[in-house]
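Structure file final-v6.cif (mmCIF, C-alpha atoms and all ligand atoms) follows.
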```cif
data_entry
loop_
_atom_site.label_atom_id
_atom_site.label_comp_id
_atom_site.auth_asym_id
_atom_site.auth_seq_id
_atom_site.Cartn_x
_atom_site.Cartn_y
_atom_site.Cartn_z
CA MET A 75 156.73 56.31 177.34
CA PRO A 76 153.22 56.97 175.95
CA GLU A 77 152.17 54.34 173.43
CA LEU A 78 151.44 55.64 169.97
CA LYS A 79 149.43 54.38 167.04
CA LYS A 80 150.10 55.05 163.41
CA CYS A 81 148.15 55.20 160.18
CA ASN A 82 149.93 52.89 157.76
CA SER A 83 148.30 54.68 154.87
CA CYS A 84 149.43 58.31 155.48
CA GLY A 85 151.98 57.80 158.26
CA LYS A 86 150.33 60.13 160.81
CA THR A 87 150.66 59.22 164.49
CA TYR A 88 147.99 59.34 167.18
CA PRO A 89 147.59 58.58 170.90
CA HIS A 90 146.78 54.91 171.59
CA THR A 91 143.16 55.82 172.40
CA GLN A 92 142.45 56.74 168.74
CA SER A 93 141.26 53.91 166.48
CA PHE A 94 140.95 55.47 163.03
CA CYS A 95 142.95 58.09 161.10
CA ILE A 96 141.29 61.53 161.02
CA GLU A 97 142.77 62.21 157.58
CA ASP A 98 141.73 59.11 155.66
CA GLY A 99 139.70 56.93 158.03
CA ALA A 100 142.18 54.02 157.85
CA PRO A 101 142.48 51.81 160.95
CA LEU A 102 145.48 52.61 163.18
CA ALA A 103 148.13 50.13 164.32
CA PHE A 104 150.46 50.22 167.33
CA ILE A 105 153.99 51.32 166.46
CA ASP A 106 156.90 49.03 167.17
CA THR A 107 159.42 51.45 168.61
CA LEU A 108 163.16 51.43 169.00
CA VAL A 109 162.98 52.92 172.50
CA GLY A 110 166.10 52.00 174.48
CA PHE A 111 168.19 51.41 171.35
CA LEU A 112 171.72 52.92 171.32
CA LEU A 113 172.12 54.49 167.90
CA ASP A 114 175.60 54.67 166.41
CA GLY A 115 177.17 54.12 169.86
CA ARG A 116 176.16 57.52 171.22
CA TYR A 117 172.47 58.38 170.94
CA ARG A 118 170.10 56.57 173.30
CA LEU A 119 166.52 56.65 171.97
CA ASP A 120 164.37 57.57 174.99
CA SER A 121 160.86 57.96 173.62
CA LEU A 122 158.98 58.21 170.36
CA ILE A 123 157.77 61.77 169.67
CA GLY A 124 155.93 60.96 166.48
CA ALA A 125 156.13 59.67 162.95
CA GLY A 126 155.56 61.10 159.51
CA GLY A 127 155.84 60.10 155.89
CA MET A 128 159.62 59.79 156.00
CA GLY A 129 160.27 58.08 159.30
CA GLU A 130 160.06 58.37 163.06
CA VAL A 131 161.22 61.13 165.41
CA TYR A 132 162.61 60.16 168.83
CA GLN A 133 163.58 62.08 171.89
CA ALA A 134 167.13 60.91 172.60
CA THR A 135 170.17 61.52 174.78
CA HIS A 136 173.72 62.00 173.57
CA ILE A 137 175.21 59.67 176.17
CA HIS A 138 178.70 61.25 176.22
CA LEU A 139 177.53 64.87 176.44
CA ASP A 140 174.38 64.01 178.41
CA THR A 141 172.34 66.38 176.25
CA GLU A 142 168.79 66.02 175.01
CA VAL A 143 168.23 65.88 171.25
CA ALA A 144 165.58 64.89 168.74
CA ILE A 145 166.47 62.26 166.14
CA LYS A 146 164.69 61.64 162.88
CA LEU A 147 165.23 58.04 161.79
CA LEU A 148 164.52 57.80 158.11
CA LYS A 149 162.64 54.88 156.59
CA PRO A 150 164.95 52.29 155.01
CA GLU A 151 164.17 53.41 151.45
CA PHE A 152 165.87 56.79 152.07
CA GLY A 153 169.19 55.10 152.76
CA SER A 154 168.79 51.93 150.73
CA ASP A 155 171.29 52.56 147.95
CA GLN A 156 174.30 54.73 147.21
CA THR A 157 172.30 57.34 145.27
CA ALA A 158 169.76 57.72 148.09
CA LEU A 159 172.57 57.97 150.66
CA LYS A 160 174.41 60.58 148.63
CA ARG A 161 171.23 62.65 148.37
CA PHE A 162 170.59 62.25 152.11
CA ARG A 163 174.12 63.45 152.99
CA LEU A 164 173.83 66.45 150.66
CA GLU A 165 170.48 67.54 152.09
CA ALA A 166 171.50 66.95 155.71
CA LYS A 167 174.65 69.04 155.18
CA ALA A 168 172.61 71.84 153.60
CA ALA A 169 170.11 71.74 156.50
CA GLY A 170 173.04 71.89 158.95
CA ARG A 171 174.24 75.13 157.37
CA ILE A 172 171.01 76.99 158.20
CA GLN A 173 171.61 78.95 161.35
CA HIS A 174 168.64 80.96 162.56
CA PRO A 175 166.78 81.17 165.87
CA ASN A 176 163.53 80.32 164.04
CA ALA A 177 164.94 77.30 162.21
CA VAL A 178 165.47 74.02 164.05
CA ARG A 179 169.22 73.40 164.40
CA VAL A 180 170.52 70.24 162.75
CA THR A 181 173.58 69.21 164.77
CA ASP A 182 174.60 65.86 163.30
CA PHE A 183 173.62 63.18 160.84
CA GLY A 184 174.85 59.76 159.87
CA VAL A 185 174.10 56.20 158.90
CA SER A 186 174.26 53.63 161.71
CA PRO A 187 176.07 50.28 161.28
CA GLU A 188 172.61 48.71 160.84
CA GLY A 189 172.07 51.03 157.86
CA MET A 190 169.64 53.50 159.44
CA ALA A 191 170.03 57.05 158.12
CA TYR A 192 169.38 59.60 160.86
CA LEU A 193 169.35 63.31 161.46
CA VAL A 194 170.04 64.85 164.88
CA MET A 195 168.26 68.10 165.79
CA GLU A 196 167.67 70.31 168.77
CA ARG A 197 164.67 69.02 170.73
CA ILE A 198 161.82 71.53 170.59
CA HIS A 199 159.26 71.61 173.36
CA GLY A 200 156.28 73.19 171.76
CA GLN A 201 152.96 72.78 170.08
CA SER A 202 152.62 72.29 166.33
CA LEU A 203 150.85 74.94 164.31
CA SER A 204 148.36 72.29 163.19
CA ALA A 205 147.44 71.59 166.82
CA LEU A 206 147.12 75.33 167.50
CA ILE A 207 144.80 75.86 164.51
CA ARG A 208 142.73 72.81 165.50
CA GLN A 209 142.44 74.21 169.01
CA THR A 210 141.67 77.85 168.25
CA GLY A 211 140.10 77.82 164.77
CA GLN A 212 141.03 81.28 163.54
CA LEU A 213 143.96 83.11 165.09
CA ALA A 214 143.78 86.84 165.86
CA PRO A 215 145.48 88.69 162.96
CA ALA A 216 148.27 90.07 165.19
CA ARG A 217 149.13 86.61 166.42
CA ALA A 218 148.92 85.08 162.92
CA VAL A 219 151.15 87.79 161.44
CA ASN A 220 153.67 87.38 164.25
CA ILE A 221 153.92 83.65 163.56
CA ALA A 222 154.09 84.16 159.78
CA ILE A 223 156.87 86.75 160.08
CA GLN A 224 158.96 84.36 162.15
CA ILE A 225 158.39 81.58 159.59
CA CYS A 226 159.51 84.03 156.88
CA ARG A 227 162.71 84.85 158.76
CA ALA A 228 163.68 81.17 159.05
CA VAL A 229 162.85 80.53 155.38
CA GLU A 230 164.78 83.64 154.30
CA ALA A 231 167.85 82.27 156.13
CA ALA A 232 167.42 78.97 154.26
CA HIS A 233 167.02 80.71 150.91
CA ASN A 234 170.20 82.70 151.62
CA SER A 235 171.96 79.32 152.10
CA GLY A 236 170.52 78.02 148.83
CA VAL A 237 167.95 75.71 150.45
CA ILE A 238 164.28 75.65 149.44
CA HIS A 239 162.13 74.12 152.17
CA ARG A 240 159.57 72.43 149.85
CA ASP A 241 157.34 71.13 152.63
CA LEU A 242 156.05 74.09 154.66
CA LYS A 243 152.92 72.82 156.39
CA PRO A 244 151.49 73.24 159.92
CA ASP A 245 153.01 69.93 161.08
CA ASN A 246 156.47 71.27 160.27
CA ILE A 247 156.03 74.41 162.39
CA LEU A 248 156.48 74.16 166.16
CA ILE A 249 155.64 77.01 168.54
CA GLU A 250 157.35 77.42 171.89
CA THR A 251 155.55 79.64 174.36
CA GLY A 252 157.89 81.81 176.41
CA PRO A 253 157.06 84.12 179.31
CA ALA A 254 156.20 87.04 177.03
CA SER A 255 156.18 85.79 173.48
CA GLU A 256 155.78 82.89 171.11
CA ARG A 257 158.84 81.59 169.29
CA VAL A 258 158.44 79.72 166.06
CA LYS A 259 160.70 76.86 164.98
CA VAL A 260 160.54 75.63 161.41
CA LEU A 261 161.40 71.93 160.93
CA ASP A 262 162.51 69.72 158.06
CA PHE A 263 164.37 72.11 155.77
CA GLY A 264 165.08 70.55 152.41
CA ILE A 265 164.26 67.06 153.64
CA ALA A 266 161.27 66.86 151.33
CA LYS A 267 163.74 66.72 148.45
CA LEU A 268 164.60 63.20 149.55
CA LYS A 269 160.98 62.20 148.94
CA GLU A 270 161.34 63.14 145.31
CA GLY A 271 163.69 60.18 145.04
CA LYS A 272 164.04 58.37 141.79
CA THR A 273 161.11 60.10 140.10
CA GLY A 274 162.66 63.56 140.47
CA GLY A 275 159.29 64.99 141.49
CA LEU A 276 156.58 64.57 144.07
CA LEU A 277 155.07 61.69 142.15
CA THR A 278 155.85 58.10 143.06
CA GLN A 279 156.54 55.61 140.32
CA GLU A 280 152.91 54.52 140.68
CA GLY A 281 151.81 58.10 139.96
CA MET A 282 150.82 58.90 143.57
CA ILE A 283 151.53 62.36 144.99
CA ILE A 284 153.90 62.35 147.96
CA GLY A 285 153.27 65.01 150.55
CA THR A 286 150.39 67.30 151.45
CA PRO A 287 149.02 68.98 148.31
CA GLN A 288 146.95 71.48 150.34
CA TYR A 289 150.24 73.31 151.05
CA MET A 290 151.98 72.80 147.72
CA SER A 291 152.49 75.47 145.10
CA PRO A 292 150.95 75.02 141.63
CA GLU A 293 154.44 74.52 140.16
CA GLN A 294 155.17 71.84 142.78
CA CYS A 295 151.90 70.08 141.95
CA GLN A 296 152.99 70.05 138.32
CA CYS A 297 156.50 68.78 139.19
CA ARG A 298 158.02 71.87 137.60
CA PRO A 299 161.40 73.18 138.81
CA LEU A 300 161.05 75.13 142.06
CA ASP A 301 162.49 78.41 143.19
CA PRO A 302 162.09 80.24 146.54
CA ARG A 303 158.71 81.62 145.45
CA SER A 304 157.27 78.12 145.88
CA ASP A 305 157.98 78.41 149.63
CA LEU A 306 156.43 81.89 149.54
CA TYR A 307 153.19 80.37 148.19
CA SER A 308 153.17 77.79 151.01
CA ILE A 309 153.69 80.50 153.65
CA GLY A 310 150.75 82.36 152.05
CA ILE A 311 148.64 79.23 152.60
CA LEU A 312 149.77 78.95 156.22
CA LEU A 313 148.83 82.57 156.91
CA TYR A 314 145.50 82.22 155.08
CA GLU A 315 144.71 79.18 157.25
CA MET A 316 145.73 80.96 160.46
CA LEU A 317 143.48 83.93 159.58
CA THR A 318 140.43 81.98 158.41
CA GLY A 319 140.75 78.54 160.01
CA LYS A 320 140.62 76.95 156.52
CA VAL A 321 143.14 76.11 153.83
CA PRO A 322 142.44 78.21 150.72
CA LEU A 323 142.10 75.25 148.36
CA ASP A 324 140.90 71.80 149.27
CA GLY A 325 139.15 68.84 147.72
CA GLU A 326 137.83 65.39 148.40
CA SER A 327 140.74 63.67 146.71
CA THR A 328 144.41 64.41 146.25
CA LEU A 329 143.77 64.86 142.55
CA GLN A 330 141.07 67.46 143.20
CA VAL A 331 143.40 69.43 145.48
CA VAL A 332 146.18 69.32 142.92
CA TYR A 333 143.72 70.52 140.25
CA SER A 334 142.47 73.39 142.40
CA GLN A 335 146.03 74.47 143.26
CA ARG A 336 146.59 74.80 139.54
CA TYR A 337 143.32 76.37 138.37
CA GLU A 338 141.02 77.57 141.16
CA LYS A 339 141.01 80.89 142.93
CA PRO A 340 140.78 80.86 146.73
CA ARG A 341 137.84 82.62 148.38
CA PRO A 342 138.77 86.17 149.46
CA ILE A 343 139.94 86.20 153.07
CA ASN A 344 137.40 88.86 154.07
CA GLN A 345 134.49 86.62 153.09
CA LEU A 346 135.61 84.18 155.79
CA SER A 347 137.15 86.64 158.25
CA PRO A 348 135.73 90.16 157.81
CA HIS A 349 137.88 91.51 160.65
CA VAL A 350 141.16 90.99 158.77
CA PRO A 351 142.59 94.35 157.61
CA PRO A 352 142.20 94.61 153.80
CA GLU A 353 145.88 95.45 153.25
CA LEU A 354 146.89 92.27 155.08
CA ALA A 355 144.35 90.20 153.12
CA GLU A 356 145.68 91.60 149.82
CA THR A 357 149.28 90.78 150.78
CA VAL A 358 148.32 87.17 151.47
CA MET A 359 146.27 86.83 148.28
CA ARG A 360 149.21 88.09 146.21
CA ALA A 361 151.43 85.36 147.64
CA LEU A 362 148.78 82.87 146.43
CA GLU A 363 148.97 83.88 142.76
CA LYS A 364 149.27 80.85 140.46
CA GLU A 365 152.25 82.19 138.54
CA PRO A 366 155.40 82.82 140.62
CA GLU A 367 156.01 86.08 138.67
CA GLN A 368 152.70 87.47 139.97
CA ARG A 369 153.66 86.90 143.63
CA GLN A 370 156.00 89.04 145.72
CA SER A 371 159.51 88.60 144.33
CA SER A 372 160.86 86.96 147.51
CA VAL A 373 159.94 85.87 151.02
CA SER A 374 161.74 88.99 152.30
CA GLU A 375 159.49 91.25 150.23
CA PHE A 376 156.44 89.38 151.50
CA ARG A 377 157.61 89.74 155.11
CA GLU A 378 158.23 93.47 154.65
CA GLU A 379 154.71 93.84 153.23
CA LEU A 380 153.32 92.01 156.24
CA GLU A 381 155.19 94.32 158.58
CA ARG A 382 153.91 97.37 156.68
CA ALA A 383 150.33 96.05 156.60
CA PHE A 384 150.53 95.57 160.32
CA ALA A 385 152.19 98.89 161.07
CA ALA A 386 149.81 100.88 158.84
CA THR A 387 146.85 99.55 160.73
CA ALA A 388 148.54 100.07 164.06
CA GLY A 389 148.57 103.86 163.91
CA ASP A 390 150.97 106.02 165.86
CA SER A 391 149.35 105.65 169.21
CA VAL A 392 150.54 102.18 170.13
CA ALA A 393 153.85 101.76 171.93
CA SER A 394 156.31 99.04 171.01
CA THR A 395 157.46 96.67 173.72
CA MET A 396 159.18 94.03 171.63
CA HIS A 397 162.54 92.80 172.83
CA ASP A 398 162.76 89.25 171.52
CA GLU A 399 165.14 89.19 168.53
CA THR A 400 163.06 86.51 166.84
CA LEU A 401 159.99 88.68 166.83
CA PRO A 402 159.47 90.92 163.82
CA ASP A 403 161.33 94.19 164.03
CA LEU A 404 158.80 96.86 163.17
CA SER A 405 160.76 99.64 164.82
CA ARG A 406 161.88 101.13 161.54
CA HIS A 407 158.29 101.88 160.62
CA SER A 408 156.90 105.13 161.90
CA ALA A 409 154.00 103.38 163.54
CA LYS A 410 155.01 101.39 166.56
CA THR A 411 153.13 98.31 167.52
CA GLU A 412 153.01 95.81 170.28
CA LEU A 413 152.95 92.57 168.38
CA LEU A 414 152.76 90.05 171.06
CA THR A 415 151.35 89.91 174.39
CA THR A 416 151.78 88.02 177.58
CA ALA A 417 151.98 84.26 177.44
CA GLY A 418 148.47 84.16 178.83
CA ASN A 419 147.13 86.24 175.97
CA ALA A 420 149.16 84.23 173.53
CA ALA A 421 147.81 80.96 174.82
CA SER A 422 144.23 82.14 174.63
CA GLY A 423 144.65 83.56 171.15
CA SER A 424 143.67 87.04 172.22
CA PRO A 425 145.78 90.00 171.22
CA SER A 426 146.89 92.65 173.64
CA ALA A 427 144.47 95.40 174.55
CA SER A 428 146.84 97.91 172.98
CA LEU A 429 146.62 96.34 169.52
CA PRO A 430 144.97 98.29 166.74
CA GLU A 431 141.26 97.70 166.62
CA SER A 432 141.08 95.73 163.39
CA PHE A 433 143.92 93.43 164.49
CA ALA A 434 142.39 93.00 167.89
CA SER A 435 138.84 92.56 166.71
CA SER A 436 138.76 88.83 167.33
CA ALA A 437 139.73 89.32 170.94
CA PRO A 438 137.04 88.40 173.37
CA THR A 439 135.18 91.53 174.43
CA THR A 440 134.37 92.24 178.04
CA PRO A 441 130.79 91.34 178.75
CA PRO A 442 128.77 94.51 179.57
CA ASN A 443 128.09 93.31 183.12
CA GLU A 444 131.81 93.08 183.87
CA SER A 445 132.41 96.68 182.87
CA ALA A 446 129.45 98.12 184.76
CA SER A 447 130.28 100.17 187.86
CA PRO A 448 129.70 98.56 191.28
CA ALA A 449 127.03 101.17 192.03
CA ALA A 450 124.83 100.01 189.19
CA PRO A 451 123.22 97.02 190.93
CA ALA A 452 122.18 99.29 193.87
CA ASN A 453 120.49 101.69 191.46
CA ASN A 454 118.55 98.86 189.91
CA GLN A 455 117.22 97.84 193.32
CA SER A 456 116.25 101.36 194.56
CA PRO A 457 112.52 101.35 193.53
CA LEU A 458 112.00 98.21 195.64
CA LEU A 459 113.82 99.84 198.54
CA TYR A 460 111.57 102.90 198.39
CA LEU A 461 108.45 100.73 198.25
CA ALA A 462 109.56 98.77 201.34
CA LEU A 463 110.29 101.98 203.23
CA ALA A 464 106.91 103.43 202.29
CA LEU A 465 105.23 100.25 203.51
CA VAL A 466 107.02 100.42 206.89
CA VAL A 467 106.08 104.10 207.30
CA PHE A 468 102.46 103.30 206.40
CA VAL A 469 102.27 100.45 208.98
CA LEU A 470 103.80 102.69 211.69
CA LEU A 471 101.32 105.48 210.95
CA ALA A 472 98.46 103.00 211.05
CA LEU A 473 99.59 101.71 214.46
CA VAL A 474 99.95 105.25 215.87
CA PHE A 475 96.50 106.17 214.56
CA TYR A 476 95.00 102.99 216.10
CA PHE A 477 96.48 103.56 219.60
CA VAL A 478 95.80 107.28 219.68
CA ARG A 479 92.17 106.68 218.84
N1 LIG B 501 163.22 68.65 166.57
C1 LIG B 501 162.02 68.26 167.03
N2 LIG B 501 161.67 68.49 168.32
C2 LIG B 501 160.46 68.09 168.76
N3 LIG B 501 159.53 67.46 168.02
C3 LIG B 501 159.84 67.20 166.74
C4 LIG B 501 161.09 67.58 166.18
N4 LIG B 501 161.09 67.18 164.87
C5 LIG B 501 159.91 66.60 164.65
N5 LIG B 501 159.13 66.61 165.76
C6 LIG B 501 157.79 66.07 165.89
O1 LIG B 501 157.81 64.69 165.53
C7 LIG B 501 156.62 64.33 164.87
C8 LIG B 501 156.96 63.60 163.58
O2 LIG B 501 157.63 64.48 162.71
P1 LIG B 501 157.79 64.15 161.19
O3 LIG B 501 158.55 65.25 160.54
O4 LIG B 501 158.32 62.78 161.05
O5 LIG B 501 156.28 64.11 160.71
P2 LIG B 501 155.44 65.09 159.79
O6 LIG B 501 156.00 66.47 159.85
O7 LIG B 501 154.01 64.90 160.20
O8 LIG B 501 155.60 64.45 158.37
P3 LIG B 501 156.75 64.65 157.26
O9 LIG B 501 157.50 63.36 157.22
O10 LIG B 501 156.00 64.90 156.03
O11 LIG B 501 157.60 65.81 157.69
C9 LIG B 501 155.83 65.60 164.66
O12 LIG B 501 154.83 65.63 165.66
C10 LIG B 501 156.82 66.70 164.91
O13 LIG B 501 156.21 67.84 165.47
MG MG B 502 157.98 66.96 159.62
#
```

The structure in this file should be written as structure tokens.
Ligand SMILES: Nc1ncnc2c1ncn2[C@@H]1O[C@H](COP(=O)(O)OP(=O)(O)OP(=O)(O)O)[C@@H](O)[C@H]1O
Ligand SMILES: [Mg+2]
Amino acid sequence: MPELKKCNSCGKTYPHTQSFCIEDGAPLAFIDTLVGFLLDGRYRLDSLIGAGGMGEVYQATHIHLDTEVAIKLLKPEFGSDQTALKRFRLEAKAAGRIQHPNAVRVTDFGVSPEGMAYLVMERIHGQSLSALIRQTGQLAPARAVNIAIQICRAVEAAHNSGVIHRDLKPDNILIETGPASERVKVLDFGIAKLKEGKTGGLLTQEGMIIGTPQYMSPEQCQCRPLDPRSDLYSIGILLYEMLTGKVPLDGESTLQVVYSQRYEKPRPINQLSPHVPPELAETVMRALEKEPEQRQSSVSEFREELERAFAATAGDSVASTMHDETLPDLSRHSAKTELLTTAGNAASGSPSASLPESFASSAPTTPPNESASPAAPANNQSPLLYLALALVVFVLLALVFYFVR
């Protein structure tokens, strides 16, 4: 099992080679793990995947079924008293009701005899969206839209079950790369509600904000009641970040970020990424309106706008080759598009060659030399060749003249 270190200030985990937290500069400490522990008589904890603000996530085996799962072990405070336990059971049950290929499946939950509250999920083998953004900077618009549409579909399923996610951020999005497409899995539905705990908001009793304010809606930052349009705002932030490589609103302190979520306008997407189609940029900026009433009315409406923005730019000439049911279904639009590409293209961040120009504009272009015909180098050398030939002829003539004389 790879050893992990953890920031005791923000809870982020790192490989053991890292010494300080990238987020807040705090020194990292080795994590004491529960690897090998048999949880509740049936789940063997095999390795630590990572840790966050609410607890640790382990890869585990259901020893009776011999199946692989992921288990989130919550910190003691989330199961410390009857009220916390009741809230945990309610949220876990609600998360278990969400059935969608883009939402991580919650298969079980419980409290062990030692008093550890845990949540059992399908184990996802993929890369987090935060790692992908770190790696690639900006994503090509087609790829970003494809990921955003899949996030929307999972969140729509949750909203239809009465669950608001509340914590949509790149660390809670995993991406599995298949042979011909990328599949998104959204994690941690509704779990953020447990963080609200006794204060009933995202403020601790000491007045500290819990969570990542860069992805929180203005109403969430103000601890106002939330509706599904709060998730819509957070998806808008995720798409903005995928398209530009930057979160729309940031600051040097948590307080500054919270303030800017409430009062500041994000920079227009086209100032940072001129290649993004204007209709797509407008759709994202509308999701980032401060007042929920000014945004799209639902995540479904936002997703449909994304699909239209994409299709409108695609034109009629591009053929659709999408078969994966988790990929956005654009077939009902007149314009057909090929949204995703081969795994190779997906991994490199480059859209397919058949994508509309403005969506494909961030794809690497073929260097001029590579596209030149094989005959070209010979043409470049021909003056030299003629000169050499002329020289040989001249020497021969000189020799003939010498001997004849
Ligand atoms: N079902 C899963 N399959 C695979 N990896 C997972 C699964 N659930 C979580 N992880 C990974 O485990 C790590 C810790 O997740 P966790 O949710 O505890 O942290 P977080 O998302 O950074 O913080 P937060 O507590 O705010 O959600 C992350 O790297 C996450 O990608
Ligand atoms: Mg998480």

For ligand LIG 501 (chain B), which residue out of A:Glu375, A:Glu230, A:Glu315, A:Asp241 is the nearest one, using all atoms listed in the file?
->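 Smallest distance to ligand LIG 501 (chain B) is found for A:Asp241.
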
Between A:Ile247, A:Ala216, A:Ala103, A:Ile172, single out the one closest to ligand MG 502 (chain B), counting all atoms listed in the file.
-> A:Ile247

Separation of atom CA of Ser371 of chain A and atom CA of Asp301 of chain A, in Å?
->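 Between these atoms lies a distance of 10.7 Å.
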
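Closest approach to ligand MG 502 (chain B) among A:Val229, A:Ile137, A:Ala218, A:Val260: A:Val260, based on all atoms listed in the file.
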
Near Val321 of chain A, within 7 Å and counting only C-alpha atoms, which residues show up once chain neighbours fewer than 5 positions away are dropped, as JSON, numbers by chain?
-> {"A": [288, 311, 314, 315]}

May I have the residues within 12 Å of Ile223 of chain A as a PyMOL selection string, using all atoms listed in the file and disregarding those fewer than 5 positions away in the same chain?
-> chain A and resi 176+215-218+228-230+256-260+306+309-310+312-313+373-384+400-404+413

Using only C-alpha atoms, please write the residues we just selected to a file, as an mmCIF file, in the frame of the given file.
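New file part.cif:
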```cif
data_model
loop_
_atom_site.group_PDB
_atom_site.id
_atom_site.type_symbol
_atom_site.label_atom_id
_atom_site.label_comp_id
_atom_site.auth_asym_id
_atom_site.auth_seq_id
_atom_site.Cartn_x
_atom_site.Cartn_y
_atom_site.Cartn_z
ATOM 1 C CA ASN A 176 163.530 80.320 164.040
ATOM 2 C CA PRO A 215 145.480 88.690 162.960
ATOM 3 C CA ALA A 216 148.270 90.070 165.190
ATOM 4 C CA ARG A 217 149.130 86.610 166.420
ATOM 5 C CA ALA A 218 148.920 85.080 162.920
ATOM 6 C CA ALA A 228 163.680 81.170 159.050
ATOM 7 C CA VAL A 229 162.850 80.530 155.380
ATOM 8 C CA GLU A 230 164.780 83.640 154.300
ATOM 9 C CA GLU A 256 155.780 82.890 171.110
ATOM 10 C CA ARG A 257 158.840 81.590 169.290
ATOM 11 C CA VAL A 258 158.440 79.720 166.060
ATOM 12 C CA LYS A 259 160.700 76.860 164.980
ATOM 13 C CA VAL A 260 160.540 75.630 161.410
ATOM 14 C CA LEU A 306 156.430 81.890 149.540
ATOM 15 C CA ILE A 309 153.690 80.500 153.650
ATOM 16 C CA GLY A 310 150.750 82.360 152.050
ATOM 17 C CA LEU A 312 149.770 78.950 156.220
ATOM 18 C CA LEU A 313 148.830 82.570 156.910
ATOM 19 C CA VAL A 373 159.940 85.870 151.020
ATOM 20 C CA SER A 374 161.740 88.990 152.300
ATOM 21 C CA GLU A 375 159.490 91.250 150.230
ATOM 22 C CA PHE A 376 156.440 89.380 151.500
ATOM 23 C CA ARG A 377 157.610 89.740 155.110
ATOM 24 C CA GLU A 378 158.230 93.470 154.650
ATOM 25 C CA GLU A 379 154.710 93.840 153.230
ATOM 26 C CA LEU A 380 153.320 92.010 156.240
ATOM 27 C CA GLU A 381 155.190 94.320 158.580
ATOM 28 C CA ARG A 382 153.910 97.370 156.680
ATOM 29 C CA ALA A 383 150.330 96.050 156.600
ATOM 30 C CA PHE A 384 150.530 95.570 160.320
ATOM 31 C CA THR A 400 163.060 86.510 166.840
ATOM 32 C CA LEU A 401 159.990 88.680 166.830
ATOM 33 C CA PRO A 402 159.470 90.920 163.820
ATOM 34 C CA ASP A 403 161.330 94.190 164.030
ATOM 35 C CA LEU A 404 158.800 96.860 163.170
ATOM 36 C CA LEU A 413 152.950 92.570 168.380
#
```

In file coordinates, which residues lie within 10 Å of (164.3, 79.2, 150.8) using only C-alpha atoms, given as a list in words?
->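 Residues lying no farther than 10 Å from the given point: Cys226, Arg227, Ala228, Val229, Glu230, Ala231, Ala232, His233, Asn234, Ser235, Gly236, Val237, Ile238, His239, Arg240, Phe263, Gly264, Asp301, Pro302, Arg303, Ser304, Asp305, Leu306, Ser372 and Val373 of chain A.
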
Step by step, measure atom-to-atom distances between ligand LIG 501 (chain B) and each residue using only C-alpha atoms and all ligand atoms, keep those at most 6 Å, then write them as a ChimeraX atom specification.
-> /A:123-131,144,195-199,202,245-246

Same residues, C-alpha atoms, saved as a PDB file, keeping the file's coordinate frame:
```pdb
ATOM      1  CA  ILE A 123     157.770  61.770 169.670  1.00  0.00           C
ATOM      2  CA  GLY A 124     155.930  60.960 166.480  1.00  0.00           C
ATOM      3  CA  ALA A 125     156.130  59.670 162.950  1.00  0.00           C
ATOM      4  CA  GLY A 126     155.560  61.100 159.510  1.00  0.00           C
ATOM      5  CA  GLY A 127     155.840  60.100 155.890  1.00  0.00           C
ATOM      6  CA  MET A 128     159.620  59.790 156.000  1.00  0.00           C
ATOM      7  CA  GLY A 129     160.270  58.080 159.300  1.00  0.00           C
ATOM      8  CA  GLU A 130     160.060  58.370 163.060  1.00  0.00           C
ATOM      9  CA  VAL A 131     161.220  61.130 165.410  1.00  0.00           C
ATOM     10  CA  ALA A 144     165.580  64.890 168.740  1.00  0.00           C
ATOM     11  CA  MET A 195     168.260  68.100 165.790  1.00  0.00           C
ATOM     12  CA  GLU A 196     167.670  70.310 168.770  1.00  0.00           C
ATOM     13  CA  ARG A 197     164.670  69.020 170.730  1.00  0.00           C
ATOM     14  CA  ILE A 198     161.820  71.530 170.590  1.00  0.00           C
ATOM     15  CA  HIS A 199     159.260  71.610 173.360  1.00  0.00           C
ATOM     16  CA  SER A 202     152.620  72.290 166.330  1.00  0.00           C
ATOM     17  CA  ASP A 245     153.010  69.930 161.080  1.00  0.00           C
ATOM     18  CA  ASN A 246     156.470  71.270 160.270  1.00  0.00           C
TER      19      ASN A 246
END
```

Can you tell me how far atom CA of His90 of chain A sits from atom CA of Leu248 of chain A, in Å to one decimal?
->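 Atom-to-atom, atom CA of His90 of chain A to atom CA of Leu248 of chain A, that is 22.2 Å.
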
Which distance in Å separates atom CA of Leu193 of chain A and atom CA of Ile145 of chain A, to one decimal?
->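 Calculated distance between atom CA of Leu193 of chain A and atom CA of Ile145 of chain A is 5.6 Å.
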
In terms of the shortest atom-to-atom distance over all atoms listed in the file, which of A:Gly115, A:Gly99, A:Gly85, A:Pro348 is closest to ligand MG 502 (chain B)?
->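 Closest to ligand MG 502 (chain B) of all the choices is A:Gly85.
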